[in-house]
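Structure file work.csv (CSV, C-alpha atoms and all ligand atoms) follows.
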chain,number,residue,atom,x,y,z
U,9,MET,CA,110.2,-142.9,-175.5
U,10,SER,CA,108.0,-143.2,-178.6
U,11,SER,CA,104.8,-141.2,-178.7
U,12,SER,CA,103.0,-139.6,-181.6
U,13,SER,CA,103.9,-136.1,-180.4
U,14,SER,CA,107.6,-136.9,-180.5
U,15,ARG,CA,107.3,-137.5,-184.2
U,16,LEU,CA,105.6,-134.2,-185.0
U,17,PRO,CA,107.7,-132.0,-187.2
U,18,VAL,CA,108.9,-128.9,-185.4
U,19,VAL,CA,107.3,-125.9,-187.2
U,20,ASP,CA,109.3,-122.7,-187.0
U,21,SER,CA,107.7,-119.3,-187.0
U,22,LEU,CA,108.7,-115.6,-186.7
U,23,GLU,CA,106.9,-115.6,-183.3
U,24,LYS,CA,109.0,-118.6,-182.2
U,25,VAL,CA,112.2,-116.9,-183.2
U,26,ALA,CA,111.1,-113.6,-181.5
U,27,GLY,CA,110.3,-115.5,-178.3
U,28,GLU,CA,113.7,-117.2,-178.3
U,29,VAL,CA,115.5,-114.0,-179.0
U,30,THR,CA,113.7,-112.2,-176.2
U,31,GLY,CA,115.0,-114.7,-173.6
U,32,CYS,CA,118.3,-115.5,-175.3
U,33,PRO,CA,121.2,-116.3,-173.0
U,34,LYS,CA,123.7,-117.2,-175.7
U,35,CYS,CA,126.2,-114.4,-175.4
U,36,LYS,CA,127.5,-111.8,-173.0
U,37,LEU,CA,125.1,-109.1,-174.4
U,38,ALA,CA,122.3,-110.9,-172.5
U,39,ARG,CA,123.8,-109.5,-169.3
U,40,THR,CA,123.8,-105.8,-170.3
U,41,ARG,CA,120.7,-105.5,-172.6
U,42,LYS,CA,117.4,-104.1,-171.4
U,43,ASN,CA,115.4,-105.6,-174.2
U,44,ALA,CA,116.4,-107.9,-177.1
U,45,VAL,CA,115.2,-106.7,-180.4
U,46,PRO,CA,114.1,-109.5,-182.7
U,47,GLY,CA,112.9,-107.4,-185.6
U,48,GLU,CA,109.5,-106.5,-187.0
U,49,GLY,CA,107.5,-106.8,-190.1
U,50,GLN,CA,105.3,-109.2,-192.0
U,51,LEU,CA,106.0,-112.8,-192.9
U,52,SER,CA,105.0,-111.8,-196.4
U,53,ALA,CA,107.5,-109.0,-196.7
U,54,LYS,CA,109.3,-109.0,-200.1
U,55,VAL,CA,112.3,-107.1,-198.7
U,56,MET,CA,114.2,-107.5,-195.5
U,57,PHE,CA,116.5,-104.8,-194.1
U,58,VAL,CA,119.4,-106.0,-192.0
U,59,GLY,CA,121.3,-103.5,-189.8
U,60,GLU,CA,124.1,-104.0,-187.2
U,61,ALA,CA,122.6,-104.1,-183.7
U,62,PRO,CA,120.2,-102.2,-181.6
U,63,GLY,CA,121.2,-98.8,-180.1
U,64,ARG,CA,120.0,-97.1,-177.0
U,65,SER,CA,116.4,-96.3,-178.1
U,66,GLU,CA,116.0,-99.8,-179.6
U,67,ASP,CA,117.2,-101.4,-176.4
U,68,GLU,CA,114.7,-99.3,-174.5
U,69,LYS,CA,111.7,-100.1,-176.7
U,70,GLY,CA,112.6,-103.6,-178.0
U,71,ARG,CA,112.0,-102.4,-181.6
U,72,PRO,CA,114.5,-102.0,-184.5
U,73,PHE,CA,115.5,-98.6,-185.9
U,74,VAL,CA,113.4,-96.3,-183.7
U,75,GLY,CA,116.2,-93.9,-182.7
U,76,ALA,CA,118.3,-91.4,-184.6
U,77,ALA,CA,119.4,-93.9,-187.3
U,78,GLY,CA,115.8,-95.1,-187.6
U,79,LYS,CA,114.5,-91.6,-188.2
U,80,ILE,CA,116.9,-91.2,-191.1
U,81,LEU,CA,116.0,-94.6,-192.4
U,82,ASP,CA,112.3,-93.7,-192.2
U,83,GLU,CA,112.8,-90.4,-194.0
U,84,MET,CA,114.8,-92.1,-196.8
U,85,LEU,CA,112.3,-94.9,-197.1
U,86,ALA,CA,109.5,-92.3,-197.5
U,87,LYS,CA,111.5,-90.4,-200.1
U,88,ALA,CA,112.0,-93.7,-202.0
U,89,GLY,CA,108.3,-94.6,-201.7
U,90,ILE,CA,109.0,-97.7,-199.7
U,91,SER,CA,106.6,-98.2,-196.8
U,92,ARG,CA,108.0,-99.5,-193.5
U,93,SER,CA,105.0,-101.8,-193.3
U,94,GLN,CA,106.1,-103.4,-196.6
U,95,VAL,CA,109.4,-104.6,-195.3
U,96,PHE,CA,110.9,-106.7,-192.5
U,97,ILE,CA,113.5,-104.9,-190.4
U,98,THR,CA,116.1,-106.6,-188.2
U,99,ASN,CA,119.7,-106.7,-187.2
U,100,VAL,CA,122.6,-109.1,-187.4
U,101,VAL,CA,122.9,-108.9,-183.6
U,102,LYS,CA,119.7,-108.6,-181.7
U,103,CYS,CA,121.0,-107.1,-178.4
U,104,ARG,CA,122.6,-103.8,-177.8
U,105,PRO,CA,126.4,-103.9,-177.4
U,106,PRO,CA,127.6,-101.7,-174.5
U,107,ASN,CA,128.0,-98.0,-175.6
U,108,ASN,CA,126.9,-99.1,-179.1
U,109,ARG,CA,130.3,-100.6,-179.8
U,110,VAL,CA,130.6,-102.8,-182.9
U,111,PRO,CA,129.4,-106.3,-182.2
U,112,GLU,CA,132.2,-108.8,-181.5
U,113,ASP,CA,132.7,-112.0,-183.5
U,114,ASP,CA,131.4,-114.3,-180.8
U,115,GLU,CA,128.2,-112.2,-180.5
U,116,VAL,CA,127.7,-112.2,-184.3
U,117,GLN,CA,128.2,-116.0,-184.3
U,118,ALA,CA,125.8,-116.6,-181.4
U,119,CYS,CA,123.1,-114.5,-183.1
U,120,THR,CA,123.4,-115.5,-186.7
U,121,PRO,CA,121.2,-118.6,-186.5
U,122,TYR,CA,118.2,-116.3,-185.6
U,123,LEU,CA,118.8,-114.2,-188.7
U,124,GLU,CA,119.1,-117.3,-190.8
U,125,ARG,CA,115.8,-118.6,-189.5
U,126,GLN,CA,114.1,-115.2,-190.2
U,127,ILE,CA,115.5,-115.3,-193.7
U,128,ALA,CA,114.3,-118.9,-194.2
U,129,LEU,CA,110.8,-118.1,-193.0
U,130,ILE,CA,110.3,-114.8,-194.9
U,131,ARG,CA,112.1,-115.9,-198.0
U,132,PRO,CA,112.6,-112.2,-199.0
U,133,ARG,CA,113.1,-111.4,-202.7
U,134,ILE,CA,115.8,-108.9,-201.7
U,135,ILE,CA,117.8,-108.6,-198.6
U,136,CYS,CA,119.0,-105.0,-198.1
U,137,ILE,CA,122.2,-104.9,-196.2
U,138,LEU,CA,122.8,-101.8,-194.1
U,139,GLY,CA,126.5,-101.1,-193.6
U,140,ARG,CA,129.7,-102.8,-192.8
U,141,THR,CA,128.8,-105.2,-190.0
U,142,ALA,CA,125.8,-106.7,-191.9
U,143,TYR,CA,127.9,-106.8,-195.1
U,144,SER,CA,130.7,-108.7,-193.5
U,145,SER,CA,128.5,-111.1,-191.6
U,146,ILE,CA,126.1,-111.9,-194.5
U,147,LEU,CA,128.4,-111.7,-197.5
U,148,GLY,CA,131.9,-111.7,-196.1
U,149,GLY,CA,132.4,-108.0,-196.6
U,150,GLY,CA,134.3,-105.9,-199.1
U,151,SER,CA,134.3,-102.3,-200.4
U,152,ILE,CA,131.0,-100.6,-199.6
U,153,THR,CA,131.8,-97.8,-201.9
U,154,ALA,CA,132.4,-100.2,-204.9
U,155,ASN,CA,129.4,-102.4,-204.2
U,156,ARG,CA,126.7,-100.2,-202.8
U,157,GLY,CA,123.5,-99.5,-204.8
U,158,LYS,CA,123.4,-102.6,-206.8
U,159,ILE,CA,122.0,-106.1,-206.7
U,160,ILE,CA,124.4,-108.8,-205.6
U,161,GLU,CA,123.3,-112.4,-206.3
U,162,LYS,CA,124.7,-115.2,-204.1
U,163,ALA,CA,123.4,-118.8,-203.9
U,164,GLY,CA,120.1,-117.9,-205.4
U,165,GLN,CA,119.4,-115.0,-203.1
U,166,LYS,CA,119.4,-111.3,-204.1
U,167,TYR,CA,121.1,-108.8,-201.9
U,168,PHE,CA,121.3,-105.0,-202.1
U,169,LEU,CA,124.0,-103.2,-200.2
U,170,THR,CA,123.8,-99.6,-199.0
U,171,ILE,CA,125.4,-97.5,-196.3
U,172,HIS,CA,124.2,-97.6,-192.7
U,173,PRO,CA,121.8,-94.8,-191.9
U,174,ALA,CA,123.8,-93.9,-188.8
U,175,ALA,CA,126.7,-92.9,-191.1
U,176,ALA,CA,124.5,-90.0,-192.2
U,177,ILE,CA,124.0,-88.7,-188.7
U,178,TYR,CA,127.4,-87.0,-188.7
U,179,ASN,CA,128.1,-86.9,-192.4
U,180,ARG,CA,125.0,-85.4,-194.1
U,181,SER,CA,126.5,-85.9,-197.5
U,182,MET,CA,125.8,-89.6,-196.9
U,183,LEU,CA,122.1,-88.8,-197.0
U,184,SER,CA,122.0,-88.3,-200.7
U,185,LEU,CA,123.8,-91.6,-201.3
U,186,LEU,CA,121.4,-93.5,-199.1
U,187,GLU,CA,118.4,-91.7,-200.8
U,188,ALA,CA,119.8,-92.6,-204.3
U,189,ASP,CA,120.4,-96.2,-203.2
U,190,LEU,CA,116.9,-96.7,-201.7
U,191,LYS,CA,115.3,-95.2,-204.8
U,192,LYS,CA,117.2,-97.9,-206.9
U,193,LEU,CA,116.0,-100.5,-204.4
U,194,ALA,CA,112.4,-99.3,-204.8
U,195,LYS,CA,112.7,-99.8,-208.6
U,196,GLU,CA,114.1,-103.3,-208.0
U,197,ILE,CA,111.1,-104.1,-205.7
U,198,ASP,CA,108.6,-102.8,-208.3
U,199,GLY,CA,110.4,-105.0,-210.9
U,200,ALA,CA,110.3,-108.0,-208.7
U,201,GLU,CA,106.7,-107.5,-207.9
U,202,GLY,CA,105.8,-107.2,-211.6
U,203,ARG,CA,107.4,-110.6,-212.4
S,301,LIG,N1,121.4,-99.3,-185.7
S,301,LIG,C1,121.2,-100.5,-186.2
S,301,LIG,O1,122.1,-101.1,-186.8
S,301,LIG,N2,120.1,-101.1,-185.8
S,301,LIG,C2,119.2,-100.5,-185.1
S,301,LIG,O2,118.1,-101.2,-184.9
S,301,LIG,C3,119.4,-99.2,-184.7
S,301,LIG,C4,120.5,-98.6,-185.0

Give the structure from this file in structure tokens form.
Ligand code: URA
Amino acid sequence: MSSSSSRLPVVDSLEKVAGEVTGCPKCKLARTRKNAVPGEGQLSAKVMFVGEAPGRSEDEKGRPFVGAAGKILDEMLAKAGISRSQVFITNVVKCRPPNNRVPEDDEVQACTPYLERQIALIRPRIICILGRTAYSSILGGGSITANRGKIIEKAGQKYFLTIHPAAAIYNRSMLSLLEADLKKLAKEIDGAEGR
């Protein structure tokens, strides 16, 4: 069929991605989640934070980082002078794995196109990778200890790796590492904005 509407370009948007995530049937997590968690923040955000997957509170509320790990992230962002409204926050996997287990490969694979679309739409100057799952799915992984707290450039995109805030729930010594990293990130953001 040839009609003018069939030739219109398909325009993507954060709202479209969020709508698809909310009803996503692509992996087994769709059967156990309460709410999918697309992520939140402005299209104009200069920095994007990417965590692992929603936990219990996020699954209840449909919002990222609103539970114990989110409280730590909020505190550390405040100490670094980064406002949550300045950044876009999302996860590699948008639905809660049962009992907060680490997402499985098929779940990461099914969900990755959503993250890729969010990155393509926002075009963040810096993507802040929170912890191991995001590190391995976005950059292929490696030593967090050796690579955290610095800018990593790949294919024209800047990344900044730090520890996952949940790591500081049981190991408070991680808090000072996260705080130091986010302060460095804040400087990078200021530098990027000045350019
Ligand atoms: N942990 C994550 O990785 N993401 C969240 O949204 C909450 C906890």

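Within the 12 Å cut-off around U:Glu112, using all atoms listed in the file and omitting residues fewer than 3 positions from it on the same chain, the listed residues are Cys35, Lys36, Leu37, Glu60, Ala61, Val100, Val101, Cys103, Arg104, Pro105, Pro106, Asn108, Arg109, Glu115, Val116, Gln117, Ala118, Cys119, Thr141 and Ser145 of chain U.
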
Nearest candidate to U:Ile197 (options U:Ile137, U:Ala174, U:Ala88, U:Ala76; using all atoms listed in the file): U:Ala88

Selected residue, from U:Leu186, U:Cys136, U:Leu51, U:Leu169, that lies nearest to U:Ser21 when counting all atoms listed in the file: U:Leu51

Counting all atoms listed in the file, find the residues whose atoms lie at most 8 Å from (125.5, -104.6, -203.7) (file coordinates) and write them out as a CSV table (one decimal) with C-alpha atoms, in the frame of the given file.
chain,number,residue,atom,x,y,z
U,152,ILE,CA,131.0,-100.6,-199.6
U,155,ASN,CA,129.4,-102.4,-204.2
U,156,ARG,CA,126.7,-100.2,-202.8
U,157,GLY,CA,123.5,-99.5,-204.8
U,158,LYS,CA,123.4,-102.6,-206.8
U,159,ILE,CA,122.0,-106.1,-206.7
U,160,ILE,CA,124.4,-108.8,-205.6
U,167,TYR,CA,121.1,-108.8,-201.9
U,168,PHE,CA,121.3,-105.0,-202.1
U,169,LEU,CA,124.0,-103.2,-200.2
U,170,THR,CA,123.8,-99.6,-199.0

Protein and nucleic acid residues within 7 Å of ligand LIG 301 (chain S) (all atoms listed in the file) as an MDAnalysis selection string: chainID U and resid 59:63 66 72:75 77:78 98:99 174

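Nearest residue to U:Ile127, choosing from U:Arg41, U:Lys54, U:Arg15, U:Arg71 and counting all atoms listed in the file: U:Lys54.
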
Point-to-point distance from atom CA of U:Ser184 to atom CA of U:Arg92, Å rounded to tenths: 19.3 Å

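Atom to atom, atom CA of U:Arg180 and atom CA of U:Ser144 stand 24.0 Å apart.
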